[in-house]
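**Student:** Input structure: model36.cif, which contains mmCIF, C-alpha atoms and all ligand atoms.
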data_input
loop_
_atom_site.label_atom_id
_atom_site.label_comp_id
_atom_site.auth_asym_id
_atom_site.auth_seq_id
_atom_site.Cartn_x
_atom_site.Cartn_y
_atom_site.Cartn_z
CA MET A 6 19.32 16.44 37.70
CA GLU A 7 21.92 15.77 40.36
CA ASN A 8 25.05 17.76 41.13
CA SER A 9 28.06 15.69 40.16
CA SER A 10 31.67 16.49 39.13
CA ASN A 11 32.28 20.23 38.95
CA GLN A 12 29.21 20.95 36.82
CA ILE A 13 27.02 23.73 38.19
CA TYR A 14 23.29 23.01 38.27
CA PRO A 15 21.27 25.81 39.89
CA VAL A 16 18.14 23.66 40.18
CA ILE A 17 18.28 20.03 41.33
CA TRP A 18 15.44 17.60 41.87
CA HIS A 19 16.08 15.65 45.10
CA LYS A 20 14.27 12.36 44.57
CA GLN A 21 14.65 10.98 48.10
CA LYS A 22 13.44 14.16 49.80
CA ASN A 23 10.84 14.89 47.10
CA CYS A 24 11.96 18.52 46.96
CA VAL A 25 13.91 20.96 44.81
CA VAL A 26 17.38 22.08 45.82
CA LEU A 27 18.37 25.56 44.61
CA ILE A 28 21.81 27.11 44.76
CA ASP A 29 21.25 30.35 46.67
CA GLN A 30 22.55 32.81 44.07
CA THR A 31 22.10 35.78 46.39
CA ARG A 32 24.96 34.49 48.53
CA LEU A 33 27.56 33.81 45.86
CA PRO A 34 30.48 34.18 45.63
CA GLN A 35 31.07 34.63 49.38
CA GLU A 36 29.13 31.51 50.26
CA TYR A 37 28.02 28.44 48.30
CA SER A 38 24.82 27.34 49.96
CA VAL A 39 21.62 25.65 48.91
CA VAL A 40 17.98 25.93 49.89
CA GLU A 41 15.48 23.09 49.86
CA ILE A 42 12.06 23.97 48.46
CA ASP A 43 9.06 21.71 48.89
CA ARG A 44 6.15 24.18 48.61
CA TYR A 45 5.19 26.09 45.49
CA GLU A 46 4.73 29.29 47.53
CA ASP A 47 8.38 29.06 48.58
CA MET A 48 9.39 28.51 44.96
CA ALA A 49 7.51 31.68 44.02
CA GLN A 50 9.38 33.57 46.74
CA ALA A 51 12.73 32.11 45.63
CA ILE A 52 12.10 33.35 42.07
CA LYS A 53 10.93 36.78 43.26
CA ASN A 54 13.92 37.20 45.58
CA MET A 55 16.38 36.02 42.94
CA ILE A 56 17.65 32.97 44.84
CA VAL A 57 17.16 31.46 41.40
CA ARG A 58 17.42 33.88 38.47
CA GLY A 59 18.23 33.98 34.77
CA ALA A 60 15.48 33.35 32.23
CA PRO A 61 15.87 29.60 31.50
CA ALA A 62 16.64 28.75 35.15
CA ILE A 63 13.50 30.62 36.22
CA GLY A 64 11.54 28.52 33.70
CA VAL A 65 12.93 25.25 35.09
CA ALA A 66 12.30 26.35 38.70
CA ALA A 67 8.71 27.37 37.87
CA ALA A 68 8.06 24.01 36.20
CA TYR A 69 9.11 22.25 39.42
CA GLY A 70 7.05 24.82 41.35
CA MET A 71 4.02 23.66 39.40
CA TYR A 72 4.69 20.07 40.40
CA LEU A 73 5.28 21.00 44.06
CA GLY A 74 1.89 22.69 44.07
CA ALA A 75 0.21 19.86 42.14
CA LYS A 76 1.38 17.15 44.53
CA GLU A 77 -0.37 18.90 47.44
CA ILE A 78 -3.75 19.19 45.69
CA ASN A 79 -6.03 17.01 47.71
CA THR A 80 -8.62 15.74 45.27
CA SER A 81 -9.15 12.90 42.83
CA ASP A 82 -11.56 14.99 40.78
CA ARG A 83 -9.91 16.07 37.56
CA ALA A 84 -11.81 19.35 37.10
CA THR A 85 -11.09 20.46 40.68
CA PHE A 86 -7.44 19.49 40.24
CA LEU A 87 -7.11 21.59 37.07
CA GLN A 88 -8.85 24.51 38.73
CA GLU A 89 -6.38 24.46 41.63
CA LEU A 90 -3.44 23.99 39.27
CA ASN A 91 -4.44 27.22 37.54
CA ILE A 92 -4.35 29.06 40.86
CA ILE A 93 -0.82 27.75 41.46
CA ALA A 94 0.17 28.81 37.92
CA ASN A 95 -1.10 32.34 38.59
CA VAL A 96 0.91 32.67 41.81
CA LEU A 97 4.09 31.57 40.00
CA LYS A 98 3.37 33.90 37.06
CA GLU A 99 3.20 36.88 39.43
CA THR A 100 6.85 36.55 40.42
CA ARG A 101 8.79 38.23 37.60
CA PRO A 102 7.33 39.81 34.46
CA THR A 103 10.09 40.00 31.86
CA ALA A 104 11.69 36.57 31.38
CA VAL A 105 9.25 34.77 29.09
CA ASN A 106 10.67 31.34 29.97
CA LEU A 107 8.65 31.58 33.21
CA PHE A 108 5.35 31.81 31.29
CA TRP A 109 6.52 29.35 28.64
CA ALA A 110 7.32 26.65 31.23
CA ILE A 111 4.10 27.20 33.20
CA SER A 112 2.05 27.01 29.97
CA ARG A 113 3.77 23.78 29.02
CA MET A 114 3.00 22.25 32.42
CA LEU A 115 -0.64 23.36 32.19
CA LYS A 116 -0.96 22.05 28.63
CA THR A 117 0.42 18.69 29.73
CA ALA A 118 -2.18 18.52 32.50
CA TYR A 119 -5.09 19.57 30.26
CA GLU A 120 -4.15 17.18 27.46
CA SER A 121 -3.67 14.15 29.69
CA VAL A 122 -6.56 11.74 30.17
CA ASP A 123 -4.94 10.08 33.19
CA SER A 124 -6.09 9.95 36.80
CA VAL A 125 -5.07 12.79 39.12
CA ALA A 126 -2.53 10.51 40.83
CA GLN A 127 -0.98 9.63 37.48
CA LEU A 128 -1.13 13.25 36.36
CA LYS A 129 1.01 14.33 39.31
CA LYS A 130 3.67 11.84 38.20
CA ILE A 131 3.47 13.12 34.63
CA LEU A 132 3.92 16.71 35.82
CA LEU A 133 7.12 15.79 37.64
CA GLU A 134 8.40 14.03 34.52
CA THR A 135 7.53 17.09 32.42
CA ALA A 136 9.49 19.40 34.74
CA GLN A 137 12.45 17.02 34.49
CA THR A 138 12.14 16.98 30.70
CA ILE A 139 12.08 20.79 30.54
CA GLN A 140 15.26 20.80 32.61
CA LYS A 141 17.01 18.13 30.53
CA GLU A 142 16.03 19.82 27.27
CA ASP A 143 17.35 23.17 28.47
CA LEU A 144 20.71 21.64 29.32
CA GLU A 145 20.96 20.03 25.87
CA THR A 146 19.79 23.25 24.24
CA CYS A 147 22.50 25.27 26.00
CA GLN A 148 25.17 22.81 24.87
CA ALA A 149 23.91 23.14 21.28
CA ILE A 150 23.90 26.95 21.58
CA GLY A 151 27.47 26.84 22.83
CA ASP A 152 28.59 24.74 19.92
CA HIS A 153 26.70 26.77 17.28
CA GLY A 154 28.36 29.82 18.79
CA LEU A 155 31.75 28.58 17.59
CA SER A 156 30.77 29.65 14.07
CA ILE A 157 30.72 33.35 15.04
CA LEU A 158 34.34 33.38 16.17
CA PRO A 159 36.39 35.35 13.63
CA SER A 160 38.64 33.02 11.63
CA THR A 161 41.21 35.81 11.29
CA LYS A 162 42.24 35.34 14.90
CA GLU A 163 43.44 32.20 16.64
CA LYS A 164 42.07 33.30 20.01
CA VAL A 165 39.40 35.88 20.73
CA THR A 166 38.28 38.08 23.59
CA ILE A 167 34.56 38.11 24.36
CA LEU A 168 32.70 40.66 26.46
CA THR A 169 29.53 39.53 28.23
CA HIS A 170 26.98 41.29 30.41
CA CYS A 171 25.11 40.02 33.46
CA ASN A 172 25.19 36.25 34.00
CA ALA A 173 24.00 33.98 31.23
CA GLY A 174 25.88 30.95 32.50
CA SER A 175 25.13 27.62 34.18
CA LEU A 176 23.54 29.49 37.07
CA ALA A 177 21.05 31.20 34.75
CA THR A 178 20.00 28.03 32.91
CA ALA A 179 19.63 24.31 33.60
CA GLY A 180 23.43 24.22 33.24
CA TYR A 181 26.21 25.22 30.79
CA GLY A 182 24.68 28.59 29.94
CA THR A 183 23.76 30.51 26.81
CA ALA A 184 26.24 33.39 26.36
CA LEU A 185 28.59 31.69 28.79
CA GLY A 186 27.87 28.43 26.96
CA VAL A 187 29.39 29.98 23.82
CA ILE A 188 32.33 31.12 25.92
CA ARG A 189 32.69 27.62 27.46
CA SER A 190 32.69 26.01 24.01
CA ALA A 191 35.26 28.54 22.73
CA TRP A 192 37.46 27.81 25.75
CA ARG A 193 37.15 24.04 25.22
CA GLU A 194 38.20 24.49 21.57
CA LYS A 195 41.15 26.68 22.63
CA ARG A 196 39.68 29.65 20.72
CA LEU A 197 39.24 31.90 23.73
CA GLN A 198 41.87 34.26 25.01
CA LYS A 199 39.79 35.74 27.79
CA VAL A 200 36.38 36.94 28.88
CA PHE A 201 35.56 40.48 29.90
CA ALA A 202 32.70 40.48 32.41
CA ASP A 203 30.66 43.65 32.94
CA GLU A 204 29.96 43.99 36.65
CA THR A 205 26.24 44.64 35.82
CA ARG A 206 24.87 47.29 38.17
CA PRO A 207 22.84 47.17 40.31
CA ARG A 208 22.64 43.45 41.24
CA LEU A 209 26.20 42.71 40.07
CA GLN A 210 25.43 39.38 38.40
CA GLY A 211 28.56 39.85 36.26
CA ALA A 212 30.90 40.50 39.17
CA LYS A 213 29.32 37.99 41.53
CA LEU A 214 28.21 35.15 39.27
CA THR A 215 29.91 35.25 35.86
CA VAL A 216 33.34 35.78 37.40
CA TRP A 217 32.65 32.95 39.90
CA GLU A 218 31.64 30.55 37.14
CA CYS A 219 34.73 31.39 35.06
CA ILE A 220 37.00 30.94 38.05
CA GLN A 221 35.50 27.48 38.74
CA GLU A 222 36.74 26.36 35.31
CA ALA A 223 39.94 28.43 35.16
CA ILE A 224 38.57 30.46 32.22
CA PRO A 225 40.59 33.71 32.19
CA VAL A 226 38.23 36.53 33.16
CA THR A 227 38.68 40.28 33.56
CA LEU A 228 36.07 42.23 35.51
CA ILE A 229 35.19 45.73 34.32
CA THR A 230 32.48 48.15 35.39
CA ASP A 231 29.67 48.65 32.89
CA SER A 232 30.92 52.12 31.97
CA MET A 233 34.34 50.80 30.90
CA ALA A 234 33.10 48.81 27.87
CA ALA A 235 33.41 51.69 25.36
CA HIS A 236 36.93 52.47 26.47
CA CYS A 237 37.95 48.80 26.16
CA MET A 238 36.46 48.61 22.65
CA LYS A 239 38.28 51.76 21.59
CA GLN A 240 41.53 50.13 22.72
CA ASN A 241 40.70 47.07 20.52
CA MET A 242 40.51 44.88 23.59
CA ILE A 243 37.16 43.27 22.65
CA ASP A 244 36.62 41.08 19.56
CA LEU A 245 32.93 40.43 20.09
CA VAL A 246 30.08 40.79 22.54
CA VAL A 247 27.80 37.88 23.45
CA VAL A 248 24.89 38.36 25.87
CA GLY A 249 21.87 36.31 26.95
CA ALA A 250 18.21 37.28 26.69
CA ASP A 251 15.10 37.36 28.83
CA ARG A 252 12.57 37.81 26.05
CA ILE A 253 12.99 38.20 22.30
CA ALA A 254 10.11 39.67 20.27
CA GLY A 255 9.18 38.25 16.86
CA ASN A 256 11.18 40.96 15.08
CA GLY A 257 14.36 40.15 17.04
CA ASP A 258 14.23 43.08 19.51
CA THR A 259 15.76 41.64 22.66
CA ALA A 260 15.11 42.33 26.34
CA ASN A 261 18.08 41.54 28.53
CA LYS A 262 19.63 42.88 31.72
CA ILE A 263 19.70 46.67 32.04
CA GLY A 264 22.82 48.02 30.35
CA THR A 265 22.64 45.61 27.40
CA TYR A 266 21.16 48.26 25.09
CA SER A 267 23.93 50.78 25.76
CA LEU A 268 26.49 48.00 25.28
CA ALA A 269 24.98 47.23 21.86
CA ILE A 270 25.17 50.91 20.82
CA VAL A 271 28.76 51.12 21.99
CA ALA A 272 29.63 47.90 20.11
CA ASP A 273 28.01 49.28 16.96
CA ALA A 274 30.01 52.51 17.26
CA HIS A 275 33.24 50.50 17.40
CA ASN A 276 32.35 47.86 14.78
CA VAL A 277 32.43 45.12 17.38
CA PRO A 278 29.98 42.31 16.46
CA PHE A 279 27.14 41.98 18.98
CA TYR A 280 25.37 38.62 19.40
CA VAL A 281 22.53 37.34 21.56
CA ALA A 282 22.61 33.69 22.71
CA ALA A 283 19.23 32.26 23.69
CA PRO A 284 17.02 29.20 23.34
CA PHE A 285 13.75 29.32 21.39
CA SER A 286 11.91 29.16 24.73
CA THR A 287 13.02 32.82 25.14
CA VAL A 288 11.41 33.92 21.87
CA ASP A 289 7.93 35.37 22.29
CA PHE A 290 6.32 35.21 18.86
CA GLU A 291 3.16 36.73 20.36
CA LEU A 292 4.95 40.08 20.46
CA SER A 293 5.71 41.76 17.15
CA ASP A 294 8.30 44.15 18.58
CA GLY A 295 10.29 44.90 21.71
CA GLY A 296 8.10 47.82 22.76
CA GLN A 297 5.53 45.27 23.93
CA ILE A 298 7.90 43.51 26.33
CA PRO A 299 6.98 44.17 29.99
CA ILE A 300 9.97 45.58 31.84
CA GLU A 301 10.33 44.71 35.51
CA GLU A 302 11.00 47.58 37.91
CA ARG A 303 12.69 46.51 41.11
CA ASP A 304 13.00 48.06 44.54
CA SER A 305 14.84 51.39 44.65
CA SER A 306 17.05 50.12 47.50
CA GLU A 307 18.98 48.20 44.80
CA ILE A 308 20.33 51.52 43.54
CA TYR A 309 20.37 53.88 46.50
CA GLN A 310 22.48 51.65 48.66
CA ILE A 311 25.49 49.38 48.30
CA GLY A 312 25.33 46.60 50.85
CA ASN A 313 23.76 48.31 53.85
CA THR A 314 25.32 51.70 53.11
CA LYS A 315 23.18 54.45 51.58
CA ILE A 316 25.15 56.11 48.78
CA CYS A 317 23.14 59.23 48.03
CA ALA A 318 21.60 62.16 49.85
CA GLN A 319 18.00 62.05 51.02
CA GLY A 320 15.48 63.63 48.67
CA ALA A 321 16.23 62.02 45.30
CA GLU A 322 13.71 60.05 43.30
CA PHE A 323 14.67 56.67 41.88
CA TYR A 324 14.04 54.66 38.75
CA ASN A 325 15.23 51.05 38.67
CA PRO A 326 14.25 49.13 35.51
CA ALA A 327 15.83 45.66 35.63
CA PHE A 328 15.91 45.15 31.84
CA ASP A 329 16.15 47.11 28.62
CA VAL A 330 15.37 46.30 25.01
CA THR A 331 18.06 46.21 22.34
CA PRO A 332 16.65 46.90 18.87
CA ALA A 333 17.24 44.06 16.40
CA LYS A 334 19.27 46.34 14.11
CA PHE A 335 22.16 46.22 16.60
CA ILE A 336 22.18 42.40 16.76
CA GLN A 337 24.32 40.50 14.23
CA GLY A 338 22.75 37.18 15.05
CA ILE A 339 20.83 35.18 17.62
CA ILE A 340 22.69 32.04 18.59
CA THR A 341 20.04 29.38 19.17
CA GLU A 342 19.89 25.60 19.46
CA LYS A 343 18.97 25.59 15.74
CA GLY A 344 21.95 27.65 14.65
CA VAL A 345 22.85 31.34 14.34
CA ILE A 346 19.86 33.23 12.99
CA PRO A 347 19.70 36.85 11.75
CA PRO A 348 17.08 38.51 14.01
CA GLN A 349 15.03 39.50 10.97
CA GLU A 350 14.64 35.80 10.05
CA LEU A 351 13.37 34.60 13.43
CA THR A 352 9.74 34.32 12.33
CA LYS A 353 10.69 31.64 9.79
CA TYR A 354 11.21 29.39 12.82
CA LYS A 355 7.80 29.98 14.36
CA THR A 356 6.02 26.70 15.01
CA GLN A 357 2.26 26.47 15.47
O1 LIG B 1 17.52 39.64 36.80
P1 LIG B 1 18.17 38.37 36.35
O2 LIG B 1 19.45 38.06 37.07
O3 LIG B 1 17.21 37.21 36.34
O4 LIG B 1 18.54 38.68 34.83
C1 LIG B 1 19.25 37.73 34.07
C2 LIG B 1 19.62 38.20 32.74
O5 LIG B 1 19.30 39.29 32.33
C3 LIG B 1 20.32 37.22 31.88
O6 LIG B 1 21.25 37.87 31.08
C4 LIG B 1 19.29 36.54 31.01
O7 LIG B 1 18.27 35.99 31.79
C5 LIG B 1 19.87 35.51 30.18
S1 LIG B 1 20.10 34.05 31.11
C6 LIG B 1 20.70 32.80 30.16
#
Please go through the file and, once you have read it, give me the structure as structure tokens.
**Tutor:**
Amino acid sequence: MENSSNQIYPVIWHKQKNCVVLIDQTRLPQEYSVVEIDRYEDMAQAIKNMIVRGAPAIGVAAAYGMYLGAKEINTSDRATFLQELNIIANVLKETRPTAVNLFWAISRMLKTAYESVDSVAQLKKILLETAQTIQKEDLETCQAIGDHGLSILPSTKEKVTILTHCNAGSLATAGYGTALGVIRSAWREKRLQKVFADETRPRLQGAKLTVWECIQEAIPVTLITDSMAAHCMKQNMIDLVVVGADRIAGNGDTANKIGTYSLAIVADAHNVPFYVAAPFSTVDFELSDGGQIPIEERDSSEIYQIGNTKICAQGAEFYNPAFDVTPAKFIQGIITEKGVIPPQELTKYKTQ
């Protein structure tokens, strides 16, 4: 996928250089810069350090990571190749625990390799094509999610205001976005008045990334801190909430960026509809409920300092979970590529 027009693609395959180009999301919005990745170890680091982040984008990056590793395996023996590919898969899997798209994409790459009867040389080509397919499918999926999302917009209002949390936009996917995909489609159809973006402590994906994406397309956006959502709802400033997801359990319980759960409770208290927008690659049917979702804990420096400035006295302990789980009962619907599904009905869509 190449960067053309003003579309934002966080992961790009550079055919001539035989490497992956990532937008460095840790530098936005101050600086738009890219990093070239041609080793799977560097891809693992880029995922860990959040140069690329957001569940579907992590999946796409990991798929390319698998290929980058595969192309360096120096053997024509199939069994040895598969053995080494598994080692690469394990390194990539160690990067971030919550977003299931990472594991989904790696499994798909491994399955492709195991099921192929081709030579190792041919297999390497097939793995690149599979990574490209995963990327292309995610882009199409996000566009479908965006368009299905139009059906949740209340018909009683010509234009609506939507609150979102974290960044579930082009930067977090192959392009277009999930929650921000719905917002993009609403904007295109002239059904959107404005977006409210939660800043999303501590990494500020809302302030740094969602606002940046909206500004690129002149979508009206208002930044609020996470703690302001309840007040805005009480003032009838928010018509609905749409967020992304990192992992959805079979019963619809949804892990997403820390702060999503409290947002869902606040929305419920104010009768504001709360929706999750996510592809089926984010649904983990292996897990029956959200209590089984592994929650990443990140470095405490993310909360005890802002920039390089320490913001609290010495002596405190810290707890920094990066995600929380919103119980399905707070979710009106999950906006997927197959339509808007009540969380309780997700299992009907389980494929073998
Ligand atoms: O820690 P991050 O930035 O990877 O977390 C991202 C989120 O929580 C997103 O909301 C989620 O992945 C949905 S992305 C379409």
**Student:** Using only C-alpha atoms, which residues sit within 12 Å of A:Glu350 once same-chain residues fewer than 6 positions away are excluded, as a PDB file with C-alpha atoms, in the frame of the given file?
**Tutor:**
ATOM      1  CA  ALA A 254      10.110  39.670  20.270  1.00  0.00           C
ATOM      2  CA  GLY A 255       9.180  38.250  16.860  1.00  0.00           C
ATOM      3  CA  ASN A 256      11.180  40.960  15.080  1.00  0.00           C
ATOM      4  CA  GLY A 257      14.360  40.150  17.040  1.00  0.00           C
ATOM      5  CA  ASP A 258      14.230  43.080  19.510  1.00  0.00           C
ATOM      6  CA  ALA A 333      17.240  44.060  16.400  1.00  0.00           C
ATOM      7  CA  GLN A 337      24.320  40.500  14.230  1.00  0.00           C
ATOM      8  CA  GLY A 338      22.750  37.180  15.050  1.00  0.00           C
ATOM      9  CA  ILE A 339      20.830  35.180  17.620  1.00  0.00           C
ATOM     10  CA  GLY A 344      21.950  27.650  14.650  1.00  0.00           C
TER      11      GLY A 344
END
**Student:** Could the residues of chain A that have an atom at most 8 Å from ligand LIG 1 (chain B) be listed as JSON lines, each with its closest atom pair and the distance in Å to one decimal, counting all atoms listed in the file and ordered by chain and ascending residue number?
**Tutor:**
{"residue": "A:Met55", "atom": "CA", "partner": "B:LIG1", "partner_atom": "O3", "distance": 6.8}
{"residue": "A:Val57", "atom": "CA", "partner": "B:LIG1", "partner_atom": "O3", "distance": 7.7}
{"residue": "A:Arg58", "atom": "CA", "partner": "B:LIG1", "partner_atom": "O3", "distance": 4.0}
{"residue": "A:Gly59", "atom": "CA", "partner": "B:LIG1", "partner_atom": "O7", "distance": 3.6}
{"residue": "A:Ala60", "atom": "CA", "partner": "B:LIG1", "partner_atom": "O7", "distance": 3.9}
{"residue": "A:Pro61", "atom": "CA", "partner": "B:LIG1", "partner_atom": "C6", "distance": 5.9}
{"residue": "A:Ala62", "atom": "CA", "partner": "B:LIG1", "partner_atom": "S1", "distance": 7.5}
{"residue": "A:Ile63", "atom": "CA", "partner": "B:LIG1", "partner_atom": "O3", "distance": 7.6}
{"residue": "A:Ala104", "atom": "CA", "partner": "B:LIG1", "partner_atom": "O7", "distance": 6.6}
{"residue": "A:His170", "atom": "CA", "partner": "B:LIG1", "partner_atom": "O6", "distance": 6.7}
{"residue": "A:Cys171", "atom": "CA", "partner": "B:LIG1", "partner_atom": "O6", "distance": 5.0}
{"residue": "A:Asn172", "atom": "CA", "partner": "B:LIG1", "partner_atom": "O6", "distance": 5.2}
{"residue": "A:Ala173", "atom": "CA", "partner": "B:LIG1", "partner_atom": "C6", "distance": 3.7}
{"residue": "A:Gly174", "atom": "CA", "partner": "B:LIG1", "partner_atom": "C6", "distance": 6.0}
{"residue": "A:Ser175", "atom": "CA", "partner": "B:LIG1", "partner_atom": "C6", "distance": 7.9}
{"residue": "A:Ala177", "atom": "CA", "partner": "B:LIG1", "partner_atom": "S1", "distance": 4.7}
{"residue": "A:Thr178", "atom": "CA", "partner": "B:LIG1", "partner_atom": "C6", "distance": 5.6}
{"residue": "A:Gly182", "atom": "CA", "partner": "B:LIG1", "partner_atom": "C6", "distance": 5.8}
{"residue": "A:Thr183", "atom": "CA", "partner": "B:LIG1", "partner_atom": "C6", "distance": 5.1}
{"residue": "A:Ala184", "atom": "CA", "partner": "B:LIG1", "partner_atom": "C6", "distance": 6.7}
{"residue": "A:Arg208", "atom": "CA", "partner": "B:LIG1", "partner_atom": "O2", "distance": 7.5}
{"residue": "A:Gln210", "atom": "CA", "partner": "B:LIG1", "partner_atom": "O2", "distance": 6.3}
{"residue": "A:Val248", "atom": "CA", "partner": "B:LIG1", "partner_atom": "O6", "distance": 6.4}
{"residue": "A:Gly249", "atom": "CA", "partner": "B:LIG1", "partner_atom": "C5", "distance": 3.9}
{"residue": "A:Ala250", "atom": "CA", "partner": "B:LIG1", "partner_atom": "C5", "distance": 4.3}
{"residue": "A:Asp251", "atom": "CA", "partner": "B:LIG1", "partner_atom": "O7", "distance": 4.5}
{"residue": "A:Ala260", "atom": "CA", "partner": "B:LIG1", "partner_atom": "O5", "distance": 7.9}
{"residue": "A:Asn261", "atom": "CA", "partner": "B:LIG1", "partner_atom": "O5", "distance": 4.6}
{"residue": "A:Lys262", "atom": "CA", "partner": "B:LIG1", "partner_atom": "O5", "distance": 3.7}
{"residue": "A:Ile263", "atom": "CA", "partner": "B:LIG1", "partner_atom": "O5", "distance": 7.4}
{"residue": "A:Ala282", "atom": "CA", "partner": "B:LIG1", "partner_atom": "C6", "distance": 7.7}
{"residue": "A:Ala283", "atom": "CA", "partner": "B:LIG1", "partner_atom": "C6", "distance": 6.7}
{"residue": "A:Ala327", "atom": "CA", "partner": "B:LIG1", "partner_atom": "O1", "distance": 6.4}
{"residue": "A:Phe328", "atom": "CA", "partner": "B:LIG1", "partner_atom": "O5", "distance": 6.8}
**Student:** In Å, rounded to a single decimal, give me how far atom CA of A:Ala202 is from atom CA of A:Thr215.
**Tutor:**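 Spanning atom CA of A:Thr215 to atom CA of A:Ala202 is a straight-line distance of 6.9 Å.
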**Student:** How many Å separate atom CA of A:Leu107 from atom CA of A:Arg303?
**Tutor:**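 About the pair atom CA of A:Leu107 and atom CA of A:Arg303: they are 17.4 Å apart.
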**Student:** Return as a tab-separated table the residues of stretch 237-312 of chain A lying at most 12 Å from stretch 134-150 of chain A, together with the closest atom-to-atom pair for each and the distance in Å to one decimal, counting all atoms listed in the file, with rows in chain order and ascending residue number.
**Tutor:**
residue	atom	partner	partner_atom	distance
A:Val247	CA	A:Ile150	CA	11.8
A:Gly249	CA	A:Ile150	CA	11.0
A:Tyr280	CA	A:Ile150	CA	12.0
A:Val281	CA	A:Ile150	CA	10.5
A:Ala282	CA	A:Ile150	CA	7.0
A:Ala283	CA	A:Ile150	CA	7.4
A:Pro284	CA	A:Thr146	CA	6.6
A:Phe285	CA	A:Thr146	CA	9.0
A:Ser286	CA	A:Asp143	CA	8.9
A:Thr287	CA	A:Asp143	CA	11.1
**Student:** What's around stretch 29-33 of chain A at 9 Å? Count all atoms listed in the file, leave out sequence neighbours fewer than 3 positions away in its own chain, and write the answer as a VMD selection string.
**Tutor:** chain A and resid 15 36 to 40 51 54 to 58 176 213 to 214 217
**Student:** Would you export the selected residues with C-alpha atoms as a PDB file, in the frame of the given file, please?
**Tutor:**
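This went into result-v3.pdb:
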ATOM      1  CA  PRO A  15      21.270  25.810  39.890  1.00  0.00           C
ATOM      2  CA  GLU A  36      29.130  31.510  50.260  1.00  0.00           C
ATOM      3  CA  TYR A  37      28.020  28.440  48.300  1.00  0.00           C
ATOM      4  CA  SER A  38      24.820  27.340  49.960  1.00  0.00           C
ATOM      5  CA  VAL A  39      21.620  25.650  48.910  1.00  0.00           C
ATOM      6  CA  VAL A  40      17.980  25.930  49.890  1.00  0.00           C
ATOM      7  CA  ALA A  51      12.730  32.110  45.630  1.00  0.00           C
ATOM      8  CA  ASN A  54      13.920  37.200  45.580  1.00  0.00           C
ATOM      9  CA  MET A  55      16.380  36.020  42.940  1.00  0.00           C
ATOM     10  CA  ILE A  56      17.650  32.970  44.840  1.00  0.00           C
ATOM     11  CA  VAL A  57      17.160  31.460  41.400  1.00  0.00           C
ATOM     12  CA  ARG A  58      17.420  33.880  38.470  1.00  0.00           C
ATOM     13  CA  LEU A 176      23.540  29.490  37.070  1.00  0.00           C
ATOM     14  CA  LYS A 213      29.320  37.990  41.530  1.00  0.00           C
ATOM     15  CA  LEU A 214      28.210  35.150  39.270  1.00  0.00           C
ATOM     16  CA  TRP A 217      32.650  32.950  39.900  1.00  0.00           C
TER      17      TRP A 217
END
**Student:** Excluding same-chain residues fewer than 6 positions from stretch 306-319 of chain A, what lies within 10 Å of it counting only C-alpha atoms, as a PyMOL selection string?
**Tutor:** chain A and resi 206-208+325
**Student:** Out of A:Ala235, A:Ile78, A:Val105, A:Leu158, which residue has the shortest atom-to-atom distance to A:Val288 when counting only C-alpha atoms?
**Tutor:**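 Checking each of A:Ala235, A:Ile78, A:Val105, A:Leu158 against A:Val288, counting only C-alpha atoms, the winner is A:Val105.
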**Student:** Would you mind listing what lies within 10 Å of stretch 223-226 of chain A as a list in words, with only C-alpha atoms counted and same-chain residues fewer than 5 positions away left out?
**Tutor:** Thr166, Ile167, Leu168, Ile188, Arg189, Trp192, Arg193, Leu197, Gln198, Lys199, Val200, Phe201, Ala202, Thr215, Val216, Trp217 and Glu218 of chain A
**Student:** I need the residue nearest A:Ala269 from this list: A:Glu291, A:Asp329, A:Glu222, A:Glu41. Use only C-alpha atoms for the distance.
**Tutor:**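 Smallest separation from A:Ala269 among the options: A:Asp329.
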**Student:** Can you rebuild stretch 178-185 of chain A with N, CA and C atoms and give it as a PDB file, in the coordinates of the input?
**Tutor:**
ATOM      1  N   THR A 178      20.650  29.009  33.796  1.00  0.00           N
ATOM      2  CA  THR A 178      20.000  28.030  32.910  1.00  0.00           C
ATOM      3  C   THR A 178      19.912  26.690  33.662  1.00  0.00           C
ATOM      4  N   ALA A 179      19.582  25.626  32.940  1.00  0.00           N
ATOM      5  CA  ALA A 179      19.630  24.310  33.600  1.00  0.00           C
ATOM      6  C   ALA A 179      21.085  23.906  33.848  1.00  0.00           C
ATOM      7  N   GLY A 180      22.005  24.503  33.124  1.00  0.00           N
ATOM      8  CA  GLY A 180      23.430  24.220  33.240  1.00  0.00           C
ATOM      9  C   GLY A 180      24.106  24.649  31.941  1.00  0.00           C
ATOM     10  N   TYR A 181      25.381  24.863  31.945  1.00  0.00           N
ATOM     11  CA  TYR A 181      26.210  25.220  30.790  1.00  0.00           C
ATOM     12  C   TYR A 181      26.089  26.671  30.383  1.00  0.00           C
ATOM     13  N   GLY A 182      24.855  27.179  30.261  1.00  0.00           N
ATOM     14  CA  GLY A 182      24.680  28.590  29.940  1.00  0.00           C
ATOM     15  C   GLY A 182      24.431  28.852  28.476  1.00  0.00           C
ATOM     16  N   THR A 183      23.987  30.096  28.196  1.00  0.00           N
ATOM     17  CA  THR A 183      23.760  30.510  26.810  1.00  0.00           C
ATOM     18  C   THR A 183      24.971  31.322  26.333  1.00  0.00           C
ATOM     19  N   ALA A 184      25.051  32.592  26.735  1.00  0.00           N
ATOM     20  CA  ALA A 184      26.240  33.390  26.360  1.00  0.00           C
ATOM     21  C   ALA A 184      27.503  32.742  26.931  1.00  0.00           C
ATOM     22  N   LEU A 185      27.413  32.334  28.190  1.00  0.00           N
ATOM     23  CA  LEU A 185      28.590  31.690  28.790  1.00  0.00           C
ATOM     24  C   LEU A 185      28.799  30.284  28.227  1.00  0.00           C
TER      25      LEU A 185
END
